[in-house]
Each structure stands twice: as structure tokens, then as C-alpha cells.
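Novice: Quick one, final-v5.cif (mmCIF, C-alpha atoms and all ligand atoms):
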data_start
loop_
_atom_site.label_atom_id
_atom_site.label_comp_id
_atom_site.auth_asym_id
_atom_site.auth_seq_id
_atom_site.Cartn_x
_atom_site.Cartn_y
_atom_site.Cartn_z
CA MET A 9 3.29 27.60 45.68
CA GLU A 10 4.08 27.41 42.02
CA LYS A 11 5.25 23.85 42.40
CA THR A 12 1.99 22.67 43.96
CA THR A 13 -0.07 24.18 41.15
CA ASP A 14 2.21 22.46 38.69
CA VAL A 15 1.67 19.15 40.38
CA LEU A 16 -2.04 19.83 40.52
CA LEU A 17 -2.12 20.61 36.84
CA LEU A 18 -0.17 17.48 36.05
CA THR A 19 -2.49 15.22 38.01
CA MET A 20 -5.50 16.94 36.49
CA ASN A 21 -4.07 16.39 33.08
CA SER A 22 -3.40 12.75 33.63
CA SER A 23 -6.75 12.04 35.25
CA GLU A 24 -8.75 13.82 32.58
CA GLU A 25 -6.47 12.57 29.83
CA GLN A 26 -7.22 15.53 27.62
CA GLU A 27 -3.78 16.09 26.21
CA THR A 28 -3.88 18.30 23.16
CA VAL A 29 -2.01 17.03 20.14
CA CYS A 30 -1.56 18.98 16.96
CA ILE A 31 -1.63 17.33 13.53
CA PHE A 32 -0.23 19.17 10.52
CA GLY A 33 -1.96 18.24 7.30
CA THR A 34 -5.54 17.17 6.71
CA GLY A 35 -4.84 14.42 4.20
CA ASP A 36 -5.69 10.73 4.47
CA PHE A 37 -3.21 9.95 7.16
CA GLY A 38 -3.79 13.06 9.27
CA LYS A 39 -7.53 12.48 9.31
CA SER A 40 -7.28 8.78 10.12
CA LEU A 41 -4.80 9.27 12.92
CA GLY A 42 -6.74 12.25 14.25
CA LEU A 43 -9.94 10.25 14.45
CA GLU A 44 -8.21 7.37 16.20
CA MET A 45 -6.61 9.74 18.72
CA LEU A 46 -9.88 11.57 19.38
CA GLN A 47 -11.48 8.25 20.17
CA CYS A 48 -8.68 7.50 22.57
CA GLY A 49 -9.35 10.70 24.51
CA TYR A 50 -6.93 13.22 23.03
CA SER A 51 -8.06 16.61 21.92
CA ILE A 52 -6.90 17.29 18.40
CA VAL A 53 -6.01 20.49 16.62
CA PHE A 54 -5.37 20.26 12.90
CA GLY A 55 -3.06 22.62 11.08
CA SER A 56 -4.00 23.30 7.46
CA ARG A 57 -3.19 25.63 4.58
CA ASN A 58 -6.85 26.57 4.29
CA PRO A 59 -8.70 25.75 7.52
CA GLN A 60 -12.07 26.85 6.10
CA MET A 61 -11.90 24.50 3.16
CA SER A 62 -11.02 21.35 5.04
CA SER A 63 -13.89 18.93 4.94
CA LEU A 64 -14.68 15.50 6.32
CA LEU A 65 -12.62 16.08 9.42
CA PRO A 66 -13.44 14.02 12.50
CA ASN A 67 -16.06 15.54 14.79
CA GLY A 68 -14.67 17.45 17.72
CA ALA A 69 -11.38 18.39 16.11
CA GLU A 70 -10.37 21.99 15.68
CA VAL A 71 -8.82 23.26 12.42
CA LEU A 72 -6.53 26.27 12.39
CA SER A 73 -3.77 27.64 10.24
CA TYR A 74 -0.42 25.93 10.63
CA SER A 75 1.10 28.63 12.81
CA GLU A 76 -1.98 28.96 15.05
CA ALA A 77 -2.32 25.21 15.46
CA ALA A 78 1.33 24.87 16.41
CA GLN A 79 0.81 27.15 19.41
CA LYS A 80 -1.91 24.90 20.82
CA SER A 81 0.29 21.96 21.61
CA ASP A 82 3.90 21.07 22.25
CA ILE A 83 3.61 17.89 20.25
CA ILE A 84 2.97 18.08 16.53
CA ILE A 85 2.45 15.17 14.15
CA MET A 86 3.58 15.97 10.62
CA ALA A 87 1.09 14.26 8.31
CA ILE A 88 2.64 15.97 5.32
CA HIS A 89 4.81 14.62 2.53
CA ARG A 90 8.50 15.36 2.72
CA GLU A 91 8.37 17.40 -0.49
CA HIS A 92 6.22 19.98 1.28
CA TYR A 93 8.28 20.33 4.44
CA ASN A 94 9.99 23.53 3.29
CA PHE A 95 7.23 25.86 4.53
CA LEU A 96 8.16 24.76 8.06
CA THR A 97 11.25 26.99 7.95
CA GLU A 98 8.88 29.97 8.30
CA LEU A 99 7.55 28.45 11.52
CA THR A 100 10.89 27.71 13.21
CA GLU A 101 10.14 30.17 16.00
CA VAL A 102 6.78 28.63 16.91
CA LEU A 103 8.18 25.15 16.58
CA ASN A 104 11.17 25.83 18.81
CA GLY A 105 11.39 23.26 21.62
CA LYS A 106 8.38 21.28 20.38
CA ILE A 107 8.20 17.61 19.60
CA LEU A 108 7.76 16.98 15.88
CA VAL A 109 6.64 13.50 14.91
CA ASP A 110 7.72 12.51 11.42
CA VAL A 111 5.40 9.86 9.92
CA SER A 112 6.50 10.20 6.32
CA ASN A 113 7.53 7.57 3.83
CA ASN A 114 9.16 7.67 0.44
CA LEU A 115 8.26 5.95 -2.80
CA LYS A 116 11.66 4.36 -3.35
CA ILE A 117 14.49 3.08 -1.22
CA LYS A 118 17.33 5.65 -1.22
CA GLN A 119 15.16 8.32 -2.83
CA TYR A 120 16.97 10.98 -0.83
CA PRO A 121 20.48 10.87 0.61
CA GLN A 122 19.11 11.84 4.04
CA SER A 123 16.19 10.26 5.88
CA ASN A 124 13.01 12.34 6.03
CA ALA A 125 13.21 12.65 9.80
CA GLU A 126 16.80 13.91 9.73
CA TYR A 127 15.84 16.35 7.00
CA LEU A 128 13.03 17.64 9.22
CA ALA A 129 15.42 17.98 12.16
CA GLN A 130 17.73 19.99 9.94
CA LEU A 131 14.91 22.28 8.76
CA VAL A 132 13.75 22.95 12.33
CA PRO A 133 16.89 22.66 14.43
CA GLY A 134 15.21 23.87 17.63
CA ALA A 135 12.65 21.04 17.68
CA HIS A 136 12.90 17.45 18.93
CA VAL A 137 12.18 15.20 16.00
CA VAL A 138 10.81 11.70 16.61
CA LYS A 139 10.16 9.17 13.87
CA ALA A 140 7.03 7.04 14.32
CA PHE A 141 3.85 5.63 12.76
CA ASN A 142 5.23 5.28 9.24
CA THR A 143 4.46 1.55 9.03
CA ILE A 144 0.82 2.08 9.99
CA SER A 145 -1.34 2.78 6.98
CA ALA A 146 -4.24 5.20 6.89
CA TRP A 147 -6.39 2.40 5.58
CA ALA A 148 -5.46 0.12 8.48
CA LEU A 149 -6.26 2.87 10.98
CA GLN A 150 -9.67 3.46 9.43
CA SER A 151 -10.66 -0.16 9.01
CA ARG A 152 -9.07 -1.12 12.34
CA ALA A 153 -7.29 -3.90 10.52
CA LEU A 154 -4.34 -3.47 12.80
CA ASP A 155 -4.16 -6.95 14.31
CA ALA A 156 -1.20 -7.88 12.20
CA SER A 157 0.84 -4.70 12.26
CA ARG A 158 0.55 -3.36 15.77
CA GLN A 159 4.21 -2.51 15.94
CA VAL A 160 5.24 1.10 15.65
CA PHE A 161 8.95 1.73 15.22
CA VAL A 162 10.07 4.82 17.11
CA CYS A 163 13.40 6.62 17.08
CA GLY A 164 14.69 10.02 18.10
CA ASN A 165 17.58 11.80 19.75
CA ASP A 166 15.67 13.28 22.69
CA SER A 167 14.66 10.50 25.07
CA LYS A 168 11.93 12.52 26.80
CA ALA A 169 10.35 13.40 23.47
CA LYS A 170 10.59 9.77 22.43
CA GLN A 171 8.89 8.67 25.66
CA ARG A 172 5.99 11.07 25.04
CA VAL A 173 5.47 9.68 21.55
CA MET A 174 5.73 6.11 22.80
CA ASP A 175 3.04 6.90 25.39
CA ILE A 176 0.75 8.09 22.62
CA VAL A 177 1.49 4.96 20.62
CA ARG A 178 0.62 2.83 23.63
CA SER A 179 -2.57 4.70 24.37
CA LEU A 180 -3.71 3.95 20.82
CA GLY A 181 -3.38 0.26 21.62
CA LEU A 182 -0.25 -0.14 19.50
CA THR A 183 3.15 -1.44 20.50
CA PRO A 184 6.08 1.00 20.33
CA LEU A 185 9.46 -0.41 19.45
CA ASP A 186 12.39 1.83 20.37
CA LYS A 187 14.95 1.74 17.57
CA GLY A 188 17.35 4.23 19.14
CA SER A 189 18.56 7.56 17.82
CA LEU A 190 17.34 9.43 14.78
CA MET A 191 20.00 7.69 12.73
CA ALA A 192 17.70 4.66 12.69
CA ALA A 193 15.11 6.68 10.76
CA ASN A 194 16.63 5.60 7.48
CA GLU A 195 16.09 1.94 8.30
CA ILE A 196 12.57 2.58 9.61
CA GLU A 197 11.65 4.47 6.47
CA ASN A 198 12.76 1.53 4.37
CA TYR A 199 10.49 -1.04 6.07
CA PRO A 200 7.31 -0.24 4.19
CA LEU A 201 9.16 -0.28 0.89
CA GLN A 202 10.25 -3.85 1.35
CA LEU A 203 7.24 -5.70 0.07
CA PHE A 204 8.38 -9.19 0.97
CA PRO A 205 11.05 -8.48 3.59
CA MET A 206 12.27 -11.98 4.36
CA TRP A 207 11.37 -13.75 1.14
CA LYS A 208 14.31 -12.89 -1.03
CA PHE A 209 16.80 -15.43 0.28
CA PRO A 210 14.33 -18.36 0.51
CA PHE A 211 13.09 -17.55 -2.96
CA TYR A 212 16.51 -17.50 -4.60
CA LEU A 213 17.63 -20.54 -2.66
CA SER A 214 14.68 -22.62 -3.80
CA ALA A 215 15.17 -21.43 -7.37
CA VAL A 216 18.80 -22.54 -7.29
CA LEU A 217 17.86 -25.90 -5.73
CA CYS A 218 15.23 -26.52 -8.39
CA VAL A 219 17.51 -25.65 -11.27
CA PHE A 220 20.32 -27.78 -9.91
CA PHE A 221 18.24 -30.90 -9.29
CA PHE A 222 16.38 -30.44 -12.54
CA PHE A 223 19.59 -30.55 -14.55
CA TYR A 224 20.88 -33.43 -12.47
CA CYS A 225 17.74 -35.44 -13.27
CA VAL A 226 17.86 -34.42 -16.93
CA ILE A 227 21.39 -35.75 -17.22
CA ARG A 228 20.49 -38.99 -15.44
CA GLU A 229 17.17 -39.74 -17.04
CA VAL A 230 17.26 -38.12 -20.47
CA ILE A 231 20.79 -37.52 -21.65
CA TYR A 232 22.35 -40.70 -20.29
CA PRO A 233 19.76 -43.12 -21.77
CA TYR A 234 19.98 -41.25 -25.05
CA VAL A 235 23.75 -41.41 -25.29
CA TYR A 236 24.21 -45.03 -24.12
CA GLU A 237 20.97 -46.74 -25.07
CA LYS A 238 19.72 -44.45 -27.85
CA LYS A 239 16.38 -44.14 -26.06
CA ASP A 240 14.28 -41.01 -26.35
CA ARG A 241 13.09 -40.13 -22.86
CA THR A 242 12.39 -36.43 -23.44
CA PHE A 243 8.74 -36.89 -22.36
CA HIS A 244 10.09 -37.28 -18.82
CA LEU A 245 10.78 -33.56 -18.83
CA ALA A 246 7.13 -32.67 -18.37
CA ILE A 247 6.01 -34.64 -15.33
CA SER A 248 8.40 -37.30 -14.09
CA ILE A 249 11.40 -35.06 -13.60
CA PRO A 250 9.57 -32.14 -12.01
CA ASN A 251 7.90 -34.66 -9.76
CA ARG A 252 11.32 -35.80 -8.67
CA VAL A 253 12.62 -32.26 -8.22
CA PHE A 254 9.69 -31.10 -6.05
CA PRO A 255 10.09 -33.59 -3.19
CA ILE A 256 13.87 -33.17 -3.19
CA ALA A 257 13.50 -29.41 -2.96
CA ALA A 258 10.78 -29.73 -0.32
CA LEU A 259 12.85 -32.04 1.86
CA THR A 260 16.01 -29.96 1.47
CA LEU A 261 14.14 -26.79 2.42
CA LEU A 262 12.52 -28.54 5.35
CA ALA A 263 15.94 -29.60 6.55
CA LEU A 264 17.07 -26.00 6.20
CA VAL A 265 14.14 -24.96 8.40
CA TYR A 266 15.32 -27.15 11.25
CA LEU A 267 19.05 -26.84 10.83
CA PRO A 268 19.56 -23.24 12.09
CA GLY A 269 17.74 -24.07 15.33
CA VAL A 270 20.16 -26.91 15.93
CA ILE A 271 23.17 -24.75 15.09
CA ALA A 272 21.86 -22.02 17.38
CA ALA A 273 21.40 -24.47 20.22
CA ILE A 274 24.93 -25.82 19.78
CA LEU A 275 26.26 -22.28 19.68
CA GLN A 276 24.47 -21.40 22.91
CA LEU A 277 25.78 -24.50 24.63
CA TYR A 278 29.27 -23.74 23.39
CA ARG A 279 29.12 -20.14 24.58
CA GLY A 280 27.41 -21.13 27.82
CA THR A 281 24.91 -18.28 27.55
CA LYS A 282 21.82 -17.38 25.60
CA TYR A 283 22.27 -13.65 26.15
CA ARG A 284 24.51 -13.00 23.20
CA ARG A 285 23.63 -12.12 19.65
CA PHE A 286 23.94 -14.79 17.01
CA PRO A 287 26.17 -13.99 14.05
CA ASP A 288 24.28 -12.10 11.35
CA TRP A 289 24.07 -14.96 8.88
CA LEU A 290 22.50 -17.23 11.51
CA ASP A 291 20.14 -14.51 12.67
CA HIS A 292 18.94 -13.93 9.14
CA TRP A 293 18.62 -17.63 8.49
CA MET A 294 16.52 -18.12 11.65
CA LEU A 295 14.26 -15.25 10.62
CA CYS A 296 13.67 -16.89 7.22
CA ARG A 297 12.49 -20.20 8.63
CA LYS A 298 8.81 -19.58 8.17
CA GLN A 299 9.27 -18.54 4.56
CA LEU A 300 11.50 -21.54 3.85
CA GLY A 301 8.90 -23.80 5.43
CA LEU A 302 6.08 -22.31 3.39
CA ILE A 303 8.01 -22.79 0.15
CA ALA A 304 8.79 -26.36 1.19
CA LEU A 305 5.09 -26.94 1.74
CA GLY A 306 4.31 -25.47 -1.63
CA PHE A 307 6.71 -27.93 -3.26
CA ALA A 308 5.26 -30.82 -1.28
CA PHE A 309 1.82 -29.81 -2.47
CA LEU A 310 2.98 -29.73 -6.09
CA HIS A 311 4.53 -33.14 -5.60
CA VAL A 312 1.19 -34.48 -4.41
CA LEU A 313 -0.63 -33.00 -7.39
CA TYR A 314 1.88 -34.39 -9.87
CA THR A 315 1.84 -37.76 -8.19
CA LEU A 316 -1.94 -37.91 -8.50
CA VAL A 317 -1.62 -37.07 -12.18
CA ILE A 318 0.89 -39.82 -12.93
CA PRO A 319 -1.41 -42.89 -12.72
CA ILE A 320 -3.75 -41.25 -15.24
CA ARG A 321 -1.06 -40.97 -17.83
CA TYR A 322 -1.09 -43.28 -20.83
CA TYR A 323 2.57 -44.19 -20.59
CA VAL A 324 2.29 -45.35 -17.00
CA ARG A 325 -0.80 -47.44 -17.68
CA TRP A 326 0.97 -48.93 -20.63
CA THR A 327 4.07 -49.93 -18.62
CA TRP A 328 1.99 -51.29 -15.75
CA THR A 329 -0.15 -53.36 -18.11
CA ASN A 330 2.98 -54.61 -19.78
CA ARG A 331 4.51 -55.59 -16.49
CA THR A 332 1.35 -57.31 -15.29
CA ILE A 333 1.17 -59.27 -18.52
CA ALA A 334 4.81 -60.14 -18.27
CA GLN A 335 4.26 -61.37 -14.71
CA ALA A 336 1.21 -63.37 -15.76
CA ILE A 337 3.19 -64.98 -18.52
CA ALA A 338 5.96 -65.78 -16.07
CA LYS A 339 3.21 -67.34 -13.86
CA LYS A 340 4.06 -65.36 -10.77
CA GLU A 341 1.67 -66.02 -7.91
CA ARG A 342 0.81 -62.47 -6.94
CA PRO A 343 -0.14 -60.24 -9.84
CA PHE A 344 1.34 -56.77 -9.97
CA SER A 345 -1.95 -54.91 -10.01
CA THR A 346 -2.71 -55.37 -6.31
CA SER A 347 0.43 -53.56 -5.38
CA THR A 348 -0.36 -50.71 -7.78
CA ALA A 349 -3.82 -50.33 -6.26
CA TRP A 350 -2.25 -50.10 -2.86
CA LEU A 351 0.19 -47.56 -4.21
CA SER A 352 -2.41 -45.18 -5.60
CA ASP A 353 -4.43 -45.39 -2.39
CA SER A 354 -1.44 -44.35 -0.39
CA TYR A 355 -0.82 -41.53 -2.83
CA ILE A 356 -4.29 -40.20 -2.22
CA ALA A 357 -3.90 -40.53 1.54
CA MET A 358 -0.59 -38.73 1.43
CA GLY A 359 -2.03 -36.09 -0.82
CA MET A 360 -4.88 -35.41 1.58
CA LEU A 361 -2.51 -35.20 4.51
CA GLY A 362 -0.28 -32.83 2.59
CA PHE A 363 -3.21 -30.67 1.64
CA PHE A 364 -4.43 -30.56 5.22
CA LEU A 365 -1.00 -29.47 6.45
CA PHE A 366 -0.82 -26.89 3.71
CA VAL A 367 -4.12 -25.32 4.70
CA LEU A 368 -3.13 -25.38 8.37
CA LEU A 369 0.14 -23.60 7.73
CA GLY A 370 -1.58 -21.16 5.43
CA ILE A 371 -3.98 -20.19 8.19
CA THR A 372 -1.29 -19.81 10.82
CA SER A 373 0.72 -17.55 8.58
CA LEU A 374 -2.24 -15.29 7.82
CA PRO A 375 -1.16 -12.39 10.09
CA SER A 376 2.03 -12.02 8.15
CA VAL A 377 0.11 -12.15 4.91
CA SER A 378 -2.25 -9.42 6.00
CA ASN A 379 0.76 -7.45 7.15
CA MET A 380 2.05 -7.50 3.62
CA VAL A 381 -1.34 -6.52 2.29
CA ASN A 382 -1.51 -3.51 4.63
CA TRP A 383 1.80 -2.22 3.50
CA ARG A 384 0.94 -2.80 -0.07
CA GLU A 385 -2.25 -0.88 0.30
CA PHE A 386 -0.39 1.94 1.91
CA ARG A 387 2.04 1.95 -0.98
CA PHE A 388 -0.91 2.21 -3.24
CA VAL A 389 -2.24 5.22 -1.36
CA GLN A 390 1.23 6.67 -1.49
CA GLY A 391 1.36 6.17 -5.22
CA ILE A 392 -1.43 8.63 -5.86
CA PRO A 393 0.28 11.87 -6.86
CA CYS A 394 -0.46 14.98 -4.80
CA GLN A 395 -2.85 17.38 -6.49
CA ASP A 396 -0.60 20.33 -5.85
CA SER A 397 2.57 18.90 -7.26
N1 LIG A 401 -1.53 7.46 3.74
C1 LIG A 401 -0.93 6.52 4.44
O1 LIG A 401 -1.42 5.40 4.54
C2 LIG A 401 0.34 6.82 5.16
C3 LIG A 401 0.95 8.05 5.05
N2 LIG A 401 2.12 8.31 5.72
C4 LIG A 401 2.77 9.62 5.60
O2 LIG A 401 1.89 10.61 6.07
C5 LIG A 401 2.09 11.81 5.34
C6 LIG A 401 0.79 12.28 4.78
O3 LIG A 401 0.25 11.29 3.94
P1 LIG A 401 -1.22 11.39 3.35
O4 LIG A 401 -2.13 11.88 4.39
O5 LIG A 401 -1.52 10.10 2.72
O6 LIG A 401 -1.03 12.48 2.20
P2 LIG A 401 -2.13 13.46 1.60
O7 LIG A 401 -1.63 13.91 0.27
O8 LIG A 401 -3.47 12.83 1.68
O9 LIG A 401 -2.11 14.70 2.60
C7 LIG A 401 -1.00 15.50 2.72
C8 LIG A 401 -1.43 16.80 3.41
O10 LIG A 401 -0.29 17.62 3.50
C9 LIG A 401 -0.74 18.97 3.63
N3 LIG A 401 0.15 19.87 2.91
C10 LIG A 401 0.94 20.80 3.46
N4 LIG A 401 1.62 21.46 2.55
C11 LIG A 401 1.27 20.98 1.36
C12 LIG A 401 1.62 21.28 0.03
N5 LIG A 401 2.50 22.26 -0.26
N6 LIG A 401 1.06 20.56 -0.95
C13 LIG A 401 0.18 19.59 -0.67
N7 LIG A 401 -0.19 19.24 0.58
C14 LIG A 401 0.34 19.95 1.59
C15 LIG A 401 -2.13 18.99 3.08
O11 LIG A 401 -3.00 19.37 4.14
P3 LIG A 401 -3.78 20.77 4.09
O12 LIG A 401 -4.49 20.82 2.78
O13 LIG A 401 -4.69 20.72 5.26
O14 LIG A 401 -2.74 21.84 4.24
C16 LIG A 401 -2.42 17.58 2.64
O15 LIG A 401 -3.73 17.18 2.95
C17 LIG A 401 3.13 11.49 4.27
O16 LIG A 401 4.38 11.94 4.68
C18 LIG A 401 3.08 9.99 4.18
O17 LIG A 401 4.34 9.49 3.78
C19 LIG A 401 2.66 7.39 6.54
C20 LIG A 401 2.09 6.17 6.71
C21 LIG A 401 0.90 5.76 6.00
CU CU A 402 6.93 -38.56 -2.71
#
What does this structure look like when you write it as C-alpha cells?
Specialist:
Amino acid sequence: MEKTTDVLLLTMNSSEEQETVCIFGTGDFGKSLGLEMLQCGYSIVFGSRNPQMSSLLPNGAEVLSYSEAAQKSDIIIMAIHREHYNFLTELTEVLNGKILVDVSNNLKIKQYPQSNAEYLAQLVPGAHVVKAFNTISAWALQSRALDASRQVFVCGNDSKAKQRVMDIVRSLGLTPLDKGSLMAANEIENYPLQLFPMWKFPFYLSAVLCVFFFFYCVIREVIYPYVYEKKDRTFHLAISIPNRVFPIAALTLLALVYLPGVIAAILQLYRGTKYRRFPDWLDHWMLCRKQLGLIALGFAFLHVLYTLVIPIRYYVRWTWTNRTIAQAIAKKERPFSTSTAWLSDSYIAMGMLGFFLFVLLGITSLPSVSNMVNWREFRFVQGIPCQDS
């Protein structure tokens, strides 16, 4: 008899989809998430230090004290900063056996020796702690600018608890990504703090390439003529040499975009399977390809700009005129100027093509750009100090 009522209750629950979820904290994030969840059919109970004072809460949500709210649901989202977790130790009894969702972030990498989620699990040992939602910003939830960052990293030691949280994530139209046990919380908490996650290596690499080729060209085109022919070519430093460095860097980076794919393919053929992890260096390299490509395009674009500037320069006009005159004096049949005209036309054509490609790539990489912006914004929100502290 009891069993059938249980089943009945379960089916009722799932058909009505009125699961009650408790949210601790009525700050930016709590409110935004609460509103989103209400709209997705959950009933929401907020826990707050002063339930009467809370304003601007979403319509239809209930506000109670922390201990009262906790009794209303077996799943509680902690929209509170880590620094204020300590009051939870007074609630250990009510929180026993409940699912606590830790959404918190820190301001710095390695701010605390222990991840926030593990700290929470230690404070409330009887509860099942699940880490989730920390890469979703309150601003993105409110403005529904979630197209770029739909991924929610989830981790926790209790698989049932984790499943429940992942169901909620899914019902909000987001994509849960299971990162394993609570030990992964540290890594997950670091994501939002990495402003340009995959840009470091491409950035340093291109810097090294530029410096190397710049000095190579300086030796060849400035120092060598000075030492052996006593010619002063220092004016090459401004435009000619950079304009040689840019295409070299662009082409090298472009080659580095395609190379890891080839290596990976060879590796797969050699191993005879594609179901094995690549070595870490190759994995990282493959993940940097877009960034490398974008930097390469940036260099190509600079090359185009510099190339368009060159014909305007006095020195170049002077040498071309000199050469044309020299040819005329030598009574060559075809004067030099026709070939220079052809040259500048092709420069412009190439420049336009380059620009077109640049814009195209810029547009296709927009989601990742807006991803960065979201996280930045969220950092900004995070940066506002709490009134109470
Ligand atoms: N804002 C964002 O975009 C994101 C935030 N997060 C995380 O969500 C959590 C909440 O962030 P957010 O909403 O921005 O922060 P807020 O400062 O806006 O809100 C924090 C809430 O915590 C509650 N609280 C409980 N105890 C205390 C206390 N002793 N002192 C102060 N406040 C207390 C308060 O609710 P009450 O007054 O009702 O008690 C307060 O409104 C943080 O852990 C943050 O890292 C994660 C991802 C994005
Ligand atoms: Cu060129």
C-alpha cells in the first residue's frame, strides 16, 4: 500500500513538475537563478537572514529564514559567498542528508588551500555537496545571454545527488558536464578566474617568433650593410622590417595551426585506434589552434596594412623613380612603372581578401569572445565588496 502511494506521488511530481528547490541567499546570483528556475516550473523557497527585508525577489517565490527554508526542500542551492558559510554549522541537523549545491567562486586562484565545495562538505558532513553553476554569471542569467556559455560543470561524490543537480541544469536549458568527484571542484572553481584560458601559449609563442625574426632581419638588413658597406639603413626598422616579420610570423603560426592535426592523424594511424587520449602536449596544442589562427590572421592583417603604406613612402618612390630613369637611360623596352602599377593593384586585392577573411574569422569566433565577456562581467560583479564585510 505504501509503495503504491509512493509511486503515485512520484508520478504526480514528475507530471506536475513542481519540485521545490531552496536557495540560500537573496543576492544577485540567488535572485537571478531563482527567477530562471521559477520560469522553468520549479517552486522556489529562499532562505535569508532577514526574510522581511528582502526586496525585488521574483514573483511567486517564498522567503523564509535559513532554517525554515531548509526544511522545505531536500535540495538547497548556496548562493552565498564562501566567507559567510560558517553559520551553516548551526544548521547541520536540518541539512543532514540534503543536497547542497555550491555555486561559489573566489577572487584569486589558490585563494584558499581547499576548494569552496570541499570546505562546505567539511562544514556540513551529513550533506551531499555538489559543485555546479559557478561559470554561469548572474548577468548572463538575467539577460539570457547564455548562448555562448551553456556548459555547467558539475562534480560531487554522491552520484544520485549529482544526477538530481544535472537534471535541474538540463531543465534550465543548460548542458551539464560531469567532472567526477568533488576533488574536481578546485579545477572548476578556477575556470572563471582564467580570463583568456587558451591564449597564454599562443601569445608567448608569437611574441618569441616576432622577437627572433625581428633581430634576424635587423642583423641582415641594418647591421650587416653598416659594417660591410658603411650604409645607414636604420630607417628600415620602422616599416620594412616589421613588414617582413609579420608575414613570417603569420605563416609560421598558420603552419602551427595545421601541424597538430597532421601529427594527431599519424598518431591515430600508428596506434590503430582513435579511442585513446593524445599526449598532453598535443592535446593542449590542438586546443590552441583557434587562438593561433586568430593571431596569424592579425599578423596577416598588419602585413596588408604595412604593405599598403609602403608605396606612399618617399624613399620607395625615390628608388622606383631612380630605377625607372636608370632603365630609360639604358633604353630598355619595357619601363619599370608598369610592373609597379601591377604590383600595387595586387597589393590592394590581397589586402581586401585578407580583410574579408579577417572579418569572417572574427564573426565565427564571436561565441568564444562573448564567453570571455560573460566571465569578465561576472568577475566584475564578484569584485564588488560585500556590504557586511
Ligand atoms: N554574481 C554572479 O554572477 C555569480 C555568483 N556566484 C556565486 O554565488 C554566490 C553569491 O553571489 P552573489 O549573489 O553575487 O553575492 P551577493 O553578495 O549579491 O549575495 C550574497 C548573499 O549571501 C547572503 N548571506 C548569508 N550570510 C551572509 C553574511 N554573513 N554576509 C553577507 N551576506 C550573507 C545574503 O543573503 P540574505 O541577505 O538574504 O541573507 C546575500 O544576499 C557567491 O558564492 C558567488 O561566488 C557564482 C557565479 C556567478
Ligand atoms: Cu606578403
Novice: Just give me the gap between CA of Gly42 (chain A) and CA of Glu195 (chain A) in Å, one decimal is fine.
Specialist: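 So the answer is 25.7 Å.
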Novice: Using 6 Å as the limit and counting all atoms listed in the file, can you tabulate each residue of chain A that touches ligand LIG 401 (chain A), with its shortest atom-to-atom distance in Å and the two atoms involved, as a Markdown table?
Specialist:
| residue | atom | partner | partner_atom | distance |
| --- | --- | --- | --- | --- |
| A:Gly33 | CA | A:LIG401 | O11 | 3.5 |
| A:Thr34 | CA | A:LIG401 | O13 | 3.9 |
| A:Gly35 | CA | A:LIG401 | O9 | 3.2 |
| A:Asp36 | CA | A:LIG401 | O4 | 3.7 |
| A:Phe37 | CA | A:LIG401 | O4 | 3.5 |
| A:Gly38 | CA | A:LIG401 | O4 | 5.3 |
| A:Ser56 | CA | A:LIG401 | O13 | 3.5 |
| A:Arg57 | CA | A:LIG401 | O14 | 3.8 |
| A:Ala87 | CA | A:LIG401 | C5 | 4.0 |
| A:Ile88 | CA | A:LIG401 | O10 | 3.8 |
| A:His89 | CA | A:LIG401 | O16 | 3.5 |
| A:Arg90 | CA | A:LIG401 | O16 | 5.7 |
| A:His92 | CA | A:LIG401 | N5 | 4.6 |
| A:Val111 | CA | A:LIG401 | C19 | 5.0 |
| A:Ser112 | CA | A:LIG401 | O16 | 3.2 |
| A:Asn113 | CA | A:LIG401 | O17 | 3.7 |
| A:Asn142 | CA | A:LIG401 | C20 | 4.1 |
| A:Thr143 | CA | A:LIG401 | C20 | 5.7 |
| A:Ile144 | CA | A:LIG401 | C20 | 5.4 |
| A:Ser145 | CA | A:LIG401 | O1 | 3.6 |
| A:Ala146 | CA | A:LIG401 | O1 | 3.7 |
| A:Trp147 | CA | A:LIG401 | O1 | 5.9 |
| A:Phe386 | CA | A:LIG401 | O1 | 4.5 |
| A:Val389 | CA | A:LIG401 | N1 | 5.6 |
| A:Gln390 | CA | A:LIG401 | N1 | 6.0 |
| A:Cys394 | CA | A:LIG401 | O7 | 5.3 |
| A:Asp396 | CA | A:LIG401 | N6 | 5.2 |
Novice: Pick the closest to Ser189 (chain A) from A:Val253, A:Leu290, A:Ala69, A:Ala125: which is it, counting only C-alpha atoms?
Specialist: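 Among A:Val253, A:Leu290, A:Ala69, A:Ala125, it is A:Ala125 that comes nearest to Ser189 (chain A).
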Novice: Give the residue list for ligand CU 402 (chain A) at 9 Å, counting all atoms listed in the file, as a ChimeraX atom specification, sorted by chain and then by residue number.
Specialist: /A:251-252,254-256,308,311-312,315,355,358
Novice: Could you check how far CA of Cys225 (chain A) sits from CA of Arg241 (chain A), in Å to one decimal?
Specialist: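 According to the coordinates, CA of Cys225 (chain A) and CA of Arg241 (chain A) are separated by 11.6 Å.
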Novice: What is the distance, in Å and to one decimal place, between CA of Val109 (chain A) and CA of Gln150 (chain A)?
Specialist: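 Between CA of Val109 (chain A) and CA of Gln150 (chain A) the gap works out to 19.9 Å.
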Novice: So which residues touch region 99-102 of chain A within 12 Å, counting all atoms listed in the file, skipping near sequence neighbours fewer than 5 positions away, as a VMD selection string?
Specialist: chain A and resid 73 to 84 93 to 94 107 to 108 128 to 136
Novice: Near Thr242 (chain A), within 12 Å and counting all atoms listed in the file, which residues show up once chain neighbours fewer than 6 positions away are dropped, as a PyMOL selection string?
Specialist: chain A and resi 225-234+248-249
